[in-house]
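Have a look at the structure below, then the notes.
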Amino acid sequence: LYTDFADEIGEGVEVPLGALAEADAFARFREAARAFLAAHADHLAIRKLRGNLALTPTDLAELERMLAEAGGGTPALEAAKAAGLGIFVRSLVGLDRAAAQAAFAGFLEGRTLGARQIEFVGIIVEDLTRSGVVEPGRLYESPYTRLSAMGVDGVFPEAEVASIVAILEEVRQRAVA
């Protein structure tokens with residue numbers, strides 16, 4: 001196959017990136033905030049978030065101040081606040097493993113669970129430790145569907161699914177003042 005044409009480059013035109021640039025700026029803010037918060041892990045508000053203790057409005061104001069200090073420009077900080085400041089920060093710092101296990105202690109107490117059920121709760125604890133919050137819809141996605149294609153419904157009876165969802169909602173609400 002042979003071609004015979006001249007390649008011509010036209011005059012350059014500036015194209016605004018708009019939302020793409022904003023998403024990149026937010027990703028950079030997220031990484032800067034993660035590093036800043038890791039360096040200030042002993043701060044009371046962060047310890048409360050990691051320990052699954054309820055936040056106060058003062059804690060949220062302090063977290064906002066810290067994020068602004070971490071380099072959060074107004075648009076990035078406003079996006080974090082729109083998502084819920086406590087939820088956003090917890091997504092960066094995670095939840096302490098002991099706090100995640102304690103959240104499920106009442107659920108596990110007095111029950112005899114099967115191997116799949118124990119593994120399922122273990123996956124939830126791992127997810128909470130890493131991301132700080134697990135939305136109930138995630139229980140129907142990977143890695144939860146590895147144990148059952150139906151997610152949580154294939155592993156636990158309906159009443160226990162409702163208990164698990166209530167625990168996840170309680171953990172989430174403690175990150176909101």
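Ordering of the structure tokens sets the chain letters (A, B, ...), residue numbers begin anew at 1 in every chain, and ligands are numbered from 1 in the order given.
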
Mind running range 3-96 of chain A against range 120-140 of chain A at 8 Å and telling me each contacting residue's nearest atom pair with the distance in Å (one decimal), counting only C-alpha atoms, chain and number ascending, as JSON lines?
{"residue": "A:Arg50", "atom": "CA", "partner": "A:Gly132", "partner_atom": "CA", "distance": 7.7}
{"residue": "A:Ile87", "atom": "CA", "partner": "A:Val133", "partner_atom": "CA", "distance": 7.4}
{"residue": "A:Arg90", "atom": "CA", "partner": "A:Gly132", "partner_atom": "CA", "distance": 5.1}
{"residue": "A:Ser91", "atom": "CA", "partner": "A:Ser131", "partner_atom": "CA", "distance": 4.7}
{"residue": "A:Leu92", "atom": "CA", "partner": "A:Ser131", "partner_atom": "CA", "distance": 7.0}
{"residue": "A:Val93", "atom": "CA", "partner": "A:Gly132", "partner_atom": "CA", "distance": 7.2}
{"residue": "A:Gly94", "atom": "CA", "partner": "A:Gly132", "partner_atom": "CA", "distance": 4.1}
{"residue": "A:Leu95", "atom": "CA", "partner": "A:Thr129", "partner_atom": "CA", "distance": 4.5}
{"residue": "A:Asp96", "atom": "CA", "partner": "A:Thr129", "partner_atom": "CA", "distance": 5.7}

Got time to write the residues from that selection, N, CA and C atoms, as an mmCIF file, in the first residue's frame?
data_model
loop_
_atom_site.group_PDB
_atom_site.id
_atom_site.type_symbol
_atom_site.label_atom_id
_atom_site.label_comp_id
_atom_site.auth_asym_id
_atom_site.auth_seq_id
_atom_site.Cartn_x
_atom_site.Cartn_y
_atom_site.Cartn_z
ATOM 1 N N ARG A 50 -10.710 8.416 62.287
ATOM 2 C CA ARG A 50 -10.119 7.072 62.180
ATOM 3 C C ARG A 50 -10.677 6.122 63.237
ATOM 4 N N ILE A 87 -16.632 12.881 55.399
ATOM 5 C CA ILE A 87 -16.588 11.708 54.524
ATOM 6 C C ILE A 87 -15.361 11.794 53.620
ATOM 7 N N ARG A 90 -12.215 11.151 55.672
ATOM 8 C CA ARG A 90 -12.122 9.745 56.045
ATOM 9 C C ARG A 90 -11.758 8.882 54.836
ATOM 10 N N SER A 91 -12.208 9.275 53.650
ATOM 11 C CA SER A 91 -11.828 8.510 52.456
ATOM 12 C C SER A 91 -10.326 8.583 52.216
ATOM 13 N N LEU A 92 -9.688 9.627 52.730
ATOM 14 C CA LEU A 92 -8.242 9.783 52.576
ATOM 15 C C LEU A 92 -7.460 9.078 53.677
ATOM 16 N N VAL A 93 -7.980 9.101 54.898
ATOM 17 C CA VAL A 93 -7.234 8.541 56.036
ATOM 18 C C VAL A 93 -7.699 7.145 56.417
ATOM 19 N N GLY A 94 -8.865 6.724 55.935
ATOM 20 C CA GLY A 94 -9.388 5.410 56.258
ATOM 21 C C GLY A 94 -9.943 5.335 57.664
ATOM 22 N N LEU A 95 -10.293 4.134 58.058
ATOM 23 C CA LEU A 95 -10.835 3.865 59.389
ATOM 24 C C LEU A 95 -9.886 2.885 60.065
ATOM 25 N N ASP A 96 -9.615 3.102 61.313
ATOM 26 C CA ASP A 96 -8.749 2.199 62.059
ATOM 27 C C ASP A 96 -9.363 0.796 62.055
#

Between CA of Thr56 in chain A and CA of Ala177 in chain A, what is the distance, to one decimal in Å?
-> 5.0 Å

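Using only C-alpha atoms, the nearest neighbour of Arg146 in chain A within the list A:Ile46, A:Glu119, A:Ala162, A:Arg172 is A:Glu119.
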
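Comparing the minimum interatomic distances between Glu78 in chain A and each of A:Phe107, A:Tyr144, A:Phe29, A:Phe156, counting only C-alpha atoms, we find that A:Phe29 sits nearest.
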
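Of the residues under consideration (A:Val165, A:Ala61, A:Leu113, A:Ala33), A:Ala33 shows the shortest atom-to-atom contact distance to Phe88 in chain A when counting only C-alpha atoms.
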
Selection: 12 Å around Thr58 in chain A, only C-alpha atoms, excl. self and same-chain fewer than 2 positions, as a PyMOL selection string = chain A and resi 44-45+54-56+60-65+86+176-177

Write the residues you've just listed into a file as an mmCIF file, in the first residue's frame, and include N, CA and C atoms for each of them.
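Result file is selection26.cif:
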data_model
loop_
_atom_site.group_PDB
_atom_site.id
_atom_site.type_symbol
_atom_site.label_atom_id
_atom_site.label_comp_id
_atom_site.auth_asym_id
_atom_site.auth_seq_id
_atom_site.Cartn_x
_atom_site.Cartn_y
_atom_site.Cartn_z
ATOM 1 N N LEU A 44 -6.651 15.705 66.741
ATOM 2 C CA LEU A 44 -7.848 15.162 67.383
ATOM 3 C C LEU A 44 -8.958 14.830 66.380
ATOM 4 N N ALA A 45 -9.244 15.720 65.454
ATOM 5 C CA ALA A 45 -10.333 15.487 64.493
ATOM 6 C C ALA A 45 -10.033 14.279 63.614
ATOM 7 N N ALA A 54 -17.930 10.243 66.718
ATOM 8 C CA ALA A 54 -18.741 11.285 66.105
ATOM 9 C C ALA A 54 -17.988 12.614 66.067
ATOM 10 N N LEU A 55 -18.120 13.318 64.957
ATOM 11 C CA LEU A 55 -17.503 14.627 64.795
ATOM 12 C C LEU A 55 -18.441 15.718 65.293
ATOM 13 N N THR A 56 -17.856 16.814 65.710
ATOM 14 C CA THR A 56 -18.624 17.995 66.098
ATOM 15 C C THR A 56 -18.464 19.045 65.002
ATOM 16 N N LEU A 60 -15.279 19.720 62.214
ATOM 17 C CA LEU A 60 -15.397 19.976 60.771
ATOM 18 C C LEU A 60 -14.723 21.283 60.378
ATOM 19 N N ALA A 61 -14.881 22.307 61.214
ATOM 20 C CA ALA A 61 -14.229 23.587 60.931
ATOM 21 C C ALA A 61 -12.710 23.421 60.950
ATOM 22 N N GLU A 62 -12.223 22.622 61.864
ATOM 23 C CA GLU A 62 -10.778 22.367 61.951
ATOM 24 C C GLU A 62 -10.290 21.573 60.739
ATOM 25 N N LEU A 63 -11.082 20.605 60.304
ATOM 26 C CA LEU A 63 -10.710 19.843 59.103
ATOM 27 C C LEU A 63 -10.677 20.749 57.873
ATOM 28 N N GLU A 64 -11.634 21.664 57.782
ATOM 29 C CA GLU A 64 -11.655 22.612 56.660
ATOM 30 C C GLU A 64 -10.406 23.487 56.686
ATOM 31 N N ARG A 65 -10.035 23.946 57.880
ATOM 32 C CA ARG A 65 -8.827 24.757 58.004
ATOM 33 C C ARG A 65 -7.598 23.968 57.570
ATOM 34 N N GLY A 86 -16.249 15.512 56.302
ATOM 35 C CA GLY A 86 -15.833 14.377 57.124
ATOM 36 C C GLY A 86 -15.693 13.104 56.307
ATOM 37 N N VAL A 176 -20.025 12.628 59.793
ATOM 38 C CA VAL A 176 -20.799 13.829 59.469
ATOM 39 C C VAL A 176 -21.193 14.484 60.783
ATOM 40 N N ALA A 177 -20.929 15.769 60.923
ATOM 41 C CA ALA A 177 -21.273 16.451 62.188
ATOM 42 C C ALA A 177 -22.740 16.827 62.224
#

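Straight-line separation from CA of Ile167 in chain A to CA of Glu109 in chain A: 13.8 Å.
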
Please report, as a VMD selection string, each residue of chain A to which DSSP assigns helix (DSSP H, G or I) when run on this structure's backbone.
-> chain A and resid 19 to 39 44 to 50 57 to 69 74 to 83 85 to 93 97 to 108 115 to 131 136 to 140 144 to 146 151 to 154 158 to 173

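Distances here use only C-alpha atoms; by that measure, the residue among A:Ala41, A:Ala115, A:Ala100, A:Leu108 closest to Leu168 in chain A is A:Ala100.
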
Can you tell me how far CA of Val152 in chain A sits from CA of Gly84 in chain A, in Å to one decimal?
-> 26.3 Å

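Compared by their closest atoms to Pro75 in chain A, and using only C-alpha atoms, the residues A:Ala25, A:Ala103, A:Ala39, A:Leu49 rank with A:Ala25 nearest.
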
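Of the listed residues (A:Gly51, A:Gly110, A:Pro57, A:Gly71), A:Gly51 comes nearest to Val171 in chain A; the distances count only C-alpha atoms.
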